[in-house]
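Working notes, beginning with the structure itself.
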Amino acid sequence: MPAPPVRYELRGCEPRGELARAVTEALVEGSAPLGVLDVEVPDGLWRLEGVRVLGARGDAVTVETTGGPRRRPHGTRPARCANLIRISPEPPTEVTHTEVTFLGCSPRGALRDALAAGAEEFDAVDYRVLAWVGDLHHGGEAGRVTGWDTSADHRGLVDLTVAFPRARLVPPQTREVWDLFFGGRPAEPGTWRRFTGAARGEWLRQAARRPHGAPEIVPGATYDLDGTDVVDEVSFLCALGEAVYGPACGPGPDAGAGVFGEDWAGITLVWHRADVARVCLGVQPWRGHRPATFQELADGLRKAGVRLVLG
């Protein structure tokens with residue numbers, strides 16, 4: 001069941017560009033769709049998604065979103081405001097959080113000190129999960145610690161139970177992707193095909209994070225791309241990475257047609273079942289960045305010096 005929309009006020013805001021257009025439309029029509037909105041306030045930059053502008057009063061703009069704001073390192077033409085205030089009532093904790101137990105944790109900072117002092121109540125904490133080689137795999141807000149115990153399976157570490165935000169729970173397919181990549185790079189060809197949606201994008205992200213051991217492009221070589229399941233830009237990048245570099249190799253999900261560098265010049269790529277992508281990869285009614293079309297990907301390959309054979 002989708003989460004109910006949340007209302008915010010952008011206070012001390014002077015609307016410009018698309019936001020100004022949406023405010024004008026909302027004053028006439030009652031509301032106006034906007035999509036993604038980056039908001040810059042004194043404490044940083046925040047991104048709101050699924051935005052609908054409801055109106056404006058003085059220097060305050062009221063918007064409705066499909067979720068809470070997410071902090072961003074940078075944004076596209078952000079709206080500069082004095083403050084971003086949630087005006088919808090906060091939902092009860094039992095609706096927004098669920099208990100999750102982290103096994104084998106090494107507390108740091110204030111949490112470590114609180115545990116050592118025998119505290120009974122704890123503040124909210126962040127978590128970091130390390131990959132098998134010790135680098136950061138993922139992390140984020142963990143919520144308030146509700147209980148802890150000495151870890152039975154990890155000497156010197158603790159098991160922490162937290163009130164974890166439901167919105168940050170890892171979907172089962174994404175967890176499966178992480179498990180496949182945890183010990184290295186999966187060797188079985190075509191494994192990416194079992195995943196769909198966001199999990200397939202996560203597959204690409206994991207493949208891009210592990211360039212070590214991937215073969216280099218051989219000048220003048222011929223590569224075969226199986227286009228049977230190439231139905232969007234992400235599946236194209238999955239299939240292309242596997243065809244050229246091997247299983248579970250390739251560019252990140254945001255590479256698009258810009259993935260083709262100088263080392264692609266002179267190779268031959270035989271794109272089998274290109275008719276599937278030709279039908280599926282068309283122009284879509286997206287606001288802002290849209291996925292590359294079949295023609296744009298083909299043109300990108302040819303521009304890089306690739307001899308493209310469509311089968």
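Letters for chains follow the order of the structure tokens (A, B, ...), residue numbers begin at 1 for each chain, and ligand numbers begin at 1 in the order shown.
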Close residues, Trp178 of chain A itself excluded, 8 Å, only C-alpha atoms, min 4 positions apart in chain, as number ranges by chain: A: 174, 182, 206
Tell me which protein, DNA and RNA residues are within 12 Å of Val230 of chain A, counting only C-alpha atoms, leaving out same-chain ones fewer than 2 positions away, and put them as an mmCIF file with N, CA, C and O atoms, in the first residue's frame.
```cif
data_model
loop_
_atom_site.group_PDB
_atom_site.id
_atom_site.type_symbol
_atom_site.label_atom_id
_atom_site.label_comp_id
_atom_site.auth_asym_id
_atom_site.auth_seq_id
_atom_site.Cartn_x
_atom_site.Cartn_y
_atom_site.Cartn_z
ATOM 1 N N GLY A 190 24.476 -14.425 -17.400
ATOM 2 C CA GLY A 190 23.036 -14.194 -17.457
ATOM 3 C C GLY A 190 22.334 -14.090 -16.123
ATOM 4 O O GLY A 190 21.099 -14.025 -16.085
ATOM 5 N N TRP A 192 21.993 -11.650 -14.168
ATOM 6 C CA TRP A 192 21.258 -10.388 -14.038
ATOM 7 C C TRP A 192 19.808 -10.517 -14.501
ATOM 8 O O TRP A 192 18.937 -9.753 -14.065
ATOM 9 N N ARG A 193 19.523 -11.510 -15.353
ATOM 10 C CA ARG A 193 18.174 -11.637 -15.910
ATOM 11 C C ARG A 193 17.130 -12.032 -14.869
ATOM 12 O O ARG A 193 15.943 -11.803 -15.083
ATOM 13 N N THR A 196 14.640 -7.745 -11.515
ATOM 14 C CA THR A 196 13.828 -6.757 -12.224
ATOM 15 C C THR A 196 13.857 -5.431 -11.472
ATOM 16 O O THR A 196 14.268 -5.367 -10.312
ATOM 17 N N LEU A 225 26.375 -9.599 -28.438
ATOM 18 C CA LEU A 225 25.439 -9.127 -27.422
ATOM 19 C C LEU A 225 24.106 -9.819 -27.638
ATOM 20 O O LEU A 225 23.497 -9.698 -28.707
ATOM 21 N N ASP A 226 23.646 -10.565 -26.651
ATOM 22 C CA ASP A 226 22.352 -11.235 -26.717
ATOM 23 C C ASP A 226 21.264 -10.245 -26.318
ATOM 24 O O ASP A 226 21.137 -9.887 -25.147
ATOM 25 N N GLY A 227 20.500 -9.787 -27.286
ATOM 26 C CA GLY A 227 19.494 -8.763 -27.020
ATOM 27 C C GLY A 227 18.120 -9.298 -26.699
ATOM 28 O O GLY A 227 17.157 -8.534 -26.681
ATOM 29 N N THR A 228 18.017 -10.589 -26.383
ATOM 30 C CA THR A 228 16.708 -11.195 -26.135
ATOM 31 C C THR A 228 15.942 -10.481 -25.036
ATOM 32 O O THR A 228 14.726 -10.294 -25.125
ATOM 33 N N ASP A 232 15.070 -2.256 -21.792
ATOM 34 C CA ASP A 232 15.233 -0.896 -21.307
ATOM 35 C C ASP A 232 16.729 -0.597 -21.239
ATOM 36 O O ASP A 232 17.560 -1.450 -21.580
ATOM 37 N N GLU A 233 17.075 0.616 -20.794
ATOM 38 C CA GLU A 233 18.470 1.024 -20.789
ATOM 39 C C GLU A 233 19.304 0.196 -19.811
ATOM 40 O O GLU A 233 20.450 -0.159 -20.093
ATOM 41 N N VAL A 234 18.729 -0.140 -18.652
ATOM 42 C CA VAL A 234 19.474 -0.906 -17.657
ATOM 43 C C VAL A 234 19.785 -2.299 -18.170
ATOM 44 O O VAL A 234 20.908 -2.797 -18.032
ATOM 45 N N SER A 235 18.815 -2.975 -18.772
ATOM 46 C CA SER A 235 19.073 -4.319 -19.297
ATOM 47 C C SER A 235 20.064 -4.265 -20.453
ATOM 48 O O SER A 235 20.863 -5.194 -20.644
ATOM 49 N N PHE A 236 20.054 -3.175 -21.231
ATOM 50 C CA PHE A 236 21.070 -3.022 -22.279
ATOM 51 C C PHE A 236 22.468 -2.970 -21.682
ATOM 52 O O PHE A 236 23.393 -3.633 -22.153
ATOM 53 N N LEU A 237 22.641 -2.178 -20.614
ATOM 54 C CA LEU A 237 23.959 -2.057 -19.989
ATOM 55 C C LEU A 237 24.392 -3.375 -19.356
ATOM 56 O O LEU A 237 25.576 -3.723 -19.380
ATOM 57 N N CYS A 238 23.441 -4.123 -18.782
ATOM 58 C CA CYS A 238 23.766 -5.443 -18.224
ATOM 59 C C CYS A 238 24.259 -6.379 -19.323
ATOM 60 O O CYS A 238 25.287 -7.049 -19.181
ATOM 61 N N ALA A 239 23.503 -6.441 -20.425
ATOM 62 C CA ALA A 239 23.862 -7.340 -21.515
ATOM 63 C C ALA A 239 25.155 -6.905 -22.189
ATOM 64 O O ALA A 239 25.992 -7.751 -22.557
ATOM 65 N N LEU A 240 25.354 -5.594 -22.350
ATOM 66 C CA LEU A 240 26.566 -5.090 -22.990
ATOM 67 C C LEU A 240 27.793 -5.383 -22.130
ATOM 68 O O LEU A 240 28.822 -5.838 -22.636
ATOM 69 N N TRP A 271 24.878 -7.259 -32.378
ATOM 70 C CA TRP A 271 23.731 -7.120 -31.470
ATOM 71 C C TRP A 271 22.619 -8.037 -31.975
ATOM 72 O O TRP A 271 21.846 -7.688 -32.849
ATOM 73 N N HIS A 272 22.548 -9.244 -31.412
ATOM 74 C CA HIS A 272 21.515 -10.201 -31.780
ATOM 75 C C HIS A 272 20.174 -9.804 -31.185
ATOM 76 O O HIS A 272 20.107 -9.267 -30.092
ATOM 77 N N ARG A 273 19.092 -10.078 -31.910
ATOM 78 C CA ARG A 273 17.734 -9.723 -31.489
ATOM 79 C C ARG A 273 17.625 -8.231 -31.163
ATOM 80 O O ARG A 273 16.996 -7.832 -30.181
ATOM 81 N N ALA A 274 18.248 -7.417 -32.004
ATOM 82 C CA ALA A 274 18.166 -5.972 -31.806
ATOM 83 C C ALA A 274 16.742 -5.450 -31.978
ATOM 84 O O ALA A 274 16.413 -4.355 -31.512
ATOM 85 N N ASP A 275 15.882 -6.255 -32.618
ATOM 86 C CA ASP A 275 14.500 -5.836 -32.829
ATOM 87 C C ASP A 275 13.749 -5.643 -31.515
ATOM 88 O O ASP A 275 12.846 -4.808 -31.414
ATOM 89 N N VAL A 276 14.146 -6.395 -30.467
ATOM 90 C CA VAL A 276 13.494 -6.251 -29.163
ATOM 91 C C VAL A 276 13.737 -4.846 -28.610
ATOM 92 O O VAL A 276 12.816 -4.158 -28.186
ATOM 93 N N ALA A 277 14.990 -4.418 -28.611
ATOM 94 C CA ALA A 277 15.330 -3.090 -28.103
ATOM 95 C C ALA A 277 14.764 -1.998 -28.992
ATOM 96 O O ALA A 277 14.357 -0.935 -28.510
ATOM 97 N N ARG A 278 14.739 -2.231 -30.295
ATOM 98 C CA ARG A 278 14.214 -1.214 -31.211
ATOM 99 C C ARG A 278 12.758 -0.883 -30.878
ATOM 100 O O ARG A 278 12.322 0.268 -30.960
ATOM 101 N N VAL A 279 12.004 -1.897 -30.454
ATOM 102 C CA VAL A 279 10.599 -1.693 -30.098
ATOM 103 C C VAL A 279 10.458 -1.078 -28.711
ATOM 104 O O VAL A 279 9.636 -0.189 -28.491
ATOM 105 N N CYS A 280 11.286 -1.525 -27.763
ATOM 106 C CA CYS A 280 11.094 -1.156 -26.355
ATOM 107 C C CYS A 280 11.774 0.153 -25.954
ATOM 108 O O CYS A 280 11.288 0.858 -25.057
ATOM 109 N N LEU A 281 12.928 0.477 -26.558
ATOM 110 C CA LEU A 281 13.705 1.642 -26.128
ATOM 111 C C LEU A 281 13.330 2.859 -26.958
ATOM 112 O O LEU A 281 14.077 3.304 -27.833
ATOM 113 N N THR A 293 17.327 6.242 -25.963
ATOM 114 C CA THR A 293 16.558 5.441 -26.912
ATOM 115 C C THR A 293 17.481 4.457 -27.624
ATOM 116 O O THR A 293 18.707 4.543 -27.539
ATOM 117 N N PHE A 294 16.858 3.519 -28.348
ATOM 118 C CA PHE A 294 17.628 2.558 -29.133
ATOM 119 C C PHE A 294 18.546 3.284 -30.115
ATOM 120 O O PHE A 294 19.733 2.963 -30.240
#
```
Nearby residues (only C-alpha atoms) at most 9 Å from Gly44 of chain A, same-chain spacing under 2 positions excluded, as a count of residues only: 8
Per-residue DSSP, segment 94-158 of chain A, filtered to strand (DSSP E or B), as a ChimeraX atom specification: /A:97-105,124-130,136-150,158
Nearest candidate to Gly220 of chain A (options A:Gly241, A:Pro69, A:Gly75, A:Gly266; using only C-alpha atoms):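 Looking only at the distances to Gly220 of chain A, the closest residue turns out to be A:Gly266.
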